[in-house]
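What follows is entry-v3.tsv (TSV, C-alpha atoms).
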chain	number	residue	atom	x	y	z
A	1223	MET	CA	-8.08	50.15	-7.13
A	1224	PRO	CA	-8.82	51.42	-3.62
A	1225	GLN	CA	-12.46	50.23	-3.43
A	1226	PRO	CA	-13.04	46.84	-5.11
A	1227	TRP	CA	-16.46	46.51	-3.43
A	1228	LEU	CA	-17.64	49.60	-5.32
A	1229	THR	CA	-16.95	47.98	-8.69
A	1230	VAL	CA	-18.78	44.81	-7.68
A	1231	ALA	CA	-21.72	46.82	-6.32
A	1232	LEU	CA	-21.94	48.91	-9.51
A	1233	PHE	CA	-22.02	45.72	-11.61
A	1234	PHE	CA	-24.80	44.47	-9.32
A	1235	ALA	CA	-26.73	47.72	-9.84
A	1236	ALA	CA	-26.20	47.54	-13.62
A	1237	PHE	CA	-27.45	43.94	-13.65
A	1238	TRP	CA	-30.70	44.81	-11.86
A	1239	THR	CA	-31.22	47.84	-14.07
A	1240	PHE	CA	-30.77	45.69	-17.19
A	1241	VAL	CA	-33.08	42.93	-15.90
A	1242	GLY	CA	-35.73	45.49	-14.98
A	1243	ALA	CA	-35.51	47.34	-18.31
A	1244	HIS	CA	-35.69	44.13	-20.33
A	1245	GLY	CA	-38.64	42.82	-18.33
A	1246	THR	CA	-40.45	46.16	-18.46
A	1247	ARG	CA	-40.19	46.14	-22.24
A	1248	ALA	CA	-41.65	42.63	-22.41
A	1249	ALA	CA	-44.42	43.44	-19.91
A	1250	LEU	CA	-45.43	46.57	-21.83
A	1251	ARG	CA	-45.57	44.53	-25.05
A	1252	ALA	CA	-47.87	42.03	-23.30
A	1253	ARG	CA	-50.10	44.80	-21.98
A	1254	ARG	CA	-50.29	46.40	-25.45
A	1255	SER	CA	-51.63	43.13	-26.79
A	1256	LEU	CA	-54.71	43.66	-24.60
A	1257	ASP	CA	-55.38	46.85	-26.60
A	1258	LEU	CA	-55.87	44.75	-29.74
A	1259	LEU	CA	-59.29	43.75	-28.45
A	1260	GLY	CA	-60.46	47.37	-28.24
A	1261	VAL	CA	-62.82	46.71	-25.29
A	1262	PRO	CA	-62.15	45.58	-21.71
A	1263	GLY	CA	-63.45	42.13	-22.62
A	1264	VAL	CA	-64.72	39.27	-20.52
A	1265	ARG	CA	-62.14	37.17	-18.74
A	1266	THR	CA	-62.31	33.40	-19.16
A	1267	SER	CA	-60.04	30.40	-19.23
A	1268	GLY	CA	-59.32	27.97	-22.00
A	1269	GLU	CA	-56.54	25.89	-23.47
A	1270	VAL	CA	-54.38	25.84	-26.55
A	1271	ALA	CA	-56.06	23.50	-29.05
A	1272	ASN	CA	-53.28	23.53	-31.68
A	1273	SER	CA	-49.71	24.78	-31.47
A	1274	ALA	CA	-48.24	27.00	-34.15
A	1275	ARG	CA	-46.95	24.89	-36.99
A	1276	ARG	CA	-45.47	25.18	-40.43
A	1277	VAL	CA	-46.68	22.91	-43.22
A	1278	GLY	CA	-44.57	23.40	-46.33
A	1279	THR	CA	-44.56	27.11	-46.98
A	1280	SER	CA	-47.75	27.75	-44.99
A	1281	TYR	CA	-47.71	28.97	-41.40
A	1282	HIS	CA	-50.62	28.08	-39.13
A	1283	PRO	CA	-50.83	30.20	-35.94
A	1284	PRO	CA	-51.88	28.60	-32.65
A	1285	GLN	CA	-55.57	28.16	-31.85
A	1286	VAL	CA	-57.20	28.45	-28.44
A	1287	ARG	CA	-60.38	26.72	-27.28
A	1288	TYR	CA	-62.72	28.43	-24.81
A	1289	GLN	CA	-66.40	28.72	-23.96
A	1290	ALA	CA	-68.42	31.91	-24.33
A	1291	PRO	CA	-72.02	32.91	-25.11
A	1292	PRO	CA	-73.23	32.51	-28.71
A	1293	PRO	CA	-72.64	35.51	-31.03
A	1294	GLY	CA	-75.33	38.15	-30.63
A	1295	HIS	CA	-76.28	37.03	-27.08
A	1296	PRO	CA	-73.66	38.62	-24.81
A	1297	THR	CA	-75.66	37.97	-21.64
A	1298	GLY	CA	-76.43	34.34	-22.43
A	1299	PRO	CA	-74.76	31.36	-20.77
A	1300	ALA	CA	-71.27	30.36	-21.91
A	1301	THR	CA	-72.34	27.28	-23.84
A	1302	GLN	CA	-70.68	27.87	-27.22
A	1303	THR	CA	-67.19	26.41	-27.63
A	1304	TYR	CA	-64.88	28.52	-29.81
A	1305	ARG	CA	-61.68	27.38	-31.46
A	1306	GLN	CA	-60.07	30.56	-32.72
A	1307	VAL	CA	-56.69	32.09	-33.48
A	1308	PRO	CA	-56.15	34.81	-30.85
A	1309	LEU	CA	-55.51	38.37	-31.98
A	1310	ASN	CA	-52.06	38.11	-30.35
A	1311	PRO	CA	-50.78	34.64	-31.35
A	1312	GLY	CA	-47.14	35.38	-30.49
A	1313	CYS	CA	-47.76	36.98	-27.14
A	1314	PRO	CA	-47.25	36.62	-24.16
A	1315	ASN	CA	-45.43	33.30	-24.37
A	1316	ALA	CA	-45.12	30.40	-26.74
A	1317	LEU	CA	-48.48	28.68	-26.92
A	1318	TYR	CA	-48.08	24.90	-26.92
A	1319	ARG	CA	-50.90	22.40	-27.34
A	1320	GLY	CA	-52.71	21.63	-24.09
A	1321	THR	CA	-51.37	24.68	-22.21
A	1322	PRO	CA	-54.06	26.32	-20.04
A	1323	VAL	CA	-54.49	30.01	-20.85
A	1324	VAL	CA	-56.35	32.99	-19.44
A	1325	LEU	CA	-57.91	35.10	-22.16
A	1326	ARG	CA	-60.33	37.94	-22.74
A	1327	TYR	CA	-62.99	37.97	-25.44
A	1328	ASP	CA	-65.18	40.70	-26.87
A	1329	PRO	CA	-68.73	40.25	-25.44
A	1330	ARG	CA	-70.30	41.54	-28.68
A	1331	ASP	CA	-68.28	39.13	-30.82
A	1332	PRO	CA	-66.92	36.23	-28.73
A	1333	ARG	CA	-64.86	35.00	-31.69
A	1334	ARG	CA	-62.43	37.87	-31.07
A	1335	ALA	CA	-60.11	37.01	-28.18
A	1336	VAL	CA	-56.65	37.84	-26.86
A	1337	VAL	CA	-54.49	35.65	-24.66
A	1338	VAL	CA	-53.71	37.49	-21.43
A	1339	ARG	CA	-51.31	34.94	-20.01
A	1340	THR	CA	-50.62	31.27	-19.73
A	1341	ALA	CA	-51.44	29.54	-16.46
A	1342	LYS	CA	-47.74	29.34	-15.57
A	1343	SER	CA	-46.89	33.02	-16.10
A	1344	TYR	CA	-47.57	36.23	-14.20
A	1345	SER	CA	-50.23	38.62	-15.33
A	1346	PRO	CA	-48.87	41.48	-17.45
A	1347	THR	CA	-49.63	43.99	-14.68
A	1348	ALA	CA	-47.85	42.03	-11.94
A	1349	ASN	CA	-44.89	41.46	-14.22
A	1350	LEU	CA	-44.74	45.17	-15.07
A	1351	VAL	CA	-44.77	46.14	-11.37
A	1352	TRP	CA	-42.01	43.65	-10.55
A	1353	CYS	CA	-39.80	44.77	-13.44
A	1354	VAL	CA	-40.21	48.49	-12.79
A	1355	SER	CA	-39.38	47.84	-9.12
A	1356	SER	CA	-36.18	45.96	-9.96
A	1357	MET	CA	-35.15	48.64	-12.47
A	1358	THR	CA	-35.78	51.36	-9.87
A	1359	PHE	CA	-33.76	49.36	-7.32
A	1360	GLY	CA	-30.82	49.08	-9.74
A	1361	ILE	CA	-30.88	52.76	-10.64
A	1362	GLY	CA	-31.24	53.79	-6.99
A	1363	LEU	CA	-28.38	51.53	-5.95
A	1364	GLY	CA	-26.16	52.90	-8.72
A	1365	VAL	CA	-26.93	56.52	-7.83
A	1366	GLY	CA	-26.51	55.83	-4.11
A	1367	LEU	CA	-23.13	54.18	-4.66
A	1368	GLY	CA	-22.05	57.03	-6.91
A	1369	VAL	CA	-22.90	59.58	-4.21
A	1370	LEU	CA	-21.24	57.43	-1.55
A	1371	SER	CA	-18.03	57.18	-3.57
A	1372	LEU	CA	-17.86	60.98	-3.87
A	1373	LEU	CA	-17.94	61.45	-0.10
structure tokens encoding of this file:
Amino acid sequence: MPQPWLTVALFFAAFWTFVGAHGTRAALRARRSLDLLGVPGVRTSGEVANSARRVGTSYHPPQVRYQAPPPGHPTGPATQTYRQVPLNPGCPNALYRGTPVVLRYDPRDPRRAVVVRTAKSYSPTANLVWCVSSMTFGIGLGVGLGVLSLL
């Protein structure tokens, strides 16, 4: 093999393309979960009150606790504490008890909420930008090396 560096560089490009594609898929899934709410929603913070658990044959999804205005008073102060199952209980990450979360709730019905991210994860938009950038880098590197090897 006359150019061993080319093989190594192509593996490097394939790695970054794979990482970017996998991450882009996950980031798009997280962003789609925001569509479950149906409205832009009001951003707030909360915490996971109960982790997902299985009791016998029953499955109990995780619950989040947050404060929002009472139902029917969307402009009121956030004095009501809600303990609800989010519309996206499996997304974006595993929700363990006590984990701080950032969520969005429907101002007309504050009992409807989606978890945007946990406090230790990137926002879905930032993650999507990072993953698309790394995928573009991998593809560009692969194409550039392919053109370089033809010269």
*Once you count only C-alpha atoms, which residues end up no further than 12 Å from (-49.5, 45.8, -20.2) in the file's frame, shown as number ranges by chain?*
A: 1245-1258, 1313-1314, 1338-1339, 1344-1351, 1353
*For Arg1305 (chain A), which residue among A:Val1277, A:Ala1271, A:Leu1363, A:Leu1370 is the nearest when counting only C-alpha atoms?*
A:Ala1271
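Atom to atom, CA of Glu1269 (chain A) and CA of Arg1319 (chain A) stand 7.7 Å apart.
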*Work out how far apart CA of Gly1298 (chain A) and CA of Asp1331 (chain A) are and give it in Å to one decimal.*
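Rounded to one decimal, the two atoms are 12.6 Å apart.
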*What does the distance from CA of Met1357 (chain A) to CA of Ala1316 (chain A) come to in Å, to one decimal?*
25.2 Å
_Please list as JSON, numbers by chain every residue within 8 Å of Ile1361 (chain A), counting only C-alpha atoms and excluding residues in the same chain fewer than 6 positions away._
{"A": [1235, 1236, 1239]}
*Quick one: everything within 12 Å of Phe1233 (chain A), counting all atoms listed in the file, minus sequence neighbours fewer than 4 positions away in the same chain. Send it as a list in words.*
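Close residues of Phe1233 (chain A): Pro1226, Trp1227, Leu1228, Thr1229, Phe1237, Trp1238, Thr1239, Phe1240, Gly1360, Ile1361, Leu1363, Gly1364 and Leu1367 of chain A.
Nearest to Thr1358 (chain A) of all the residues A:Gln1225, A:Gly1242, A:Pro1283, A:His1295 is A:Gly1242, based on all atoms listed in the file.
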_Quick one: residues within 10 Å of Thr1303 (chain A), only C-alpha atoms, excluding same-chain residues fewer than 6 positions away - as a PyMOL selection string?_
chain A and resi 1268+1287-1292+1332-1333
*asked:* I want to know what sits within 6 Å of region 1262-1265 of chain A, based on only C-alpha atoms, with residues of the same chain fewer than 5 positions away left out; could you give that as a PyMOL selection string?
replied: chain A and resi 1325-1328
*Got a sec: who's within 8 Å of Pro1311 (chain A), counting only C-alpha atoms, leaving out chain neighbours fewer than 5 positions off, as a PyMOL selection string?*
chain A and resi 1283-1284+1317+1337
*Pick the closest to His1244 (chain A) from A:Ala1231, A:Ala1274, A:Val1354, A:Val1307: which is it, counting only C-alpha atoms?*
A:Val1354
*Identify which of the residues A:Trp1352, A:Tyr1304, A:Tyr1318, A:Phe1234 lies closest to Arg1275 (chain A), counting only C-alpha atoms when measuring atom-to-atom distances.*
A:Tyr1318
*Nearest to Asn1310 (chain A) among A:Thr1279, A:Leu1259, A:Pro1322, A:Asn1272, with distances taken over all atoms listed in the file: which residue is it?*
A:Leu1259
*Just give me the residues with any atom within 6 Å of (-69.9, 42.9, -23.3), file coordinates, counting only C-alpha atoms, written as a list of chain:residue names.*
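Residues with an atom at most 6 Å from (-69.9, 42.9, -23.3): A:Pro1296, A:Pro1329, A:Arg1330.
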*Using all atoms listed in the file, find the one residue out of A:Leu1232, A:Gly1294, A:Val1286, A:Thr1321 that sits nearest to Ser1371 (chain A).*
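Counting all atoms listed in the file, the residue closest to Ser1371 (chain A) is A:Leu1232.
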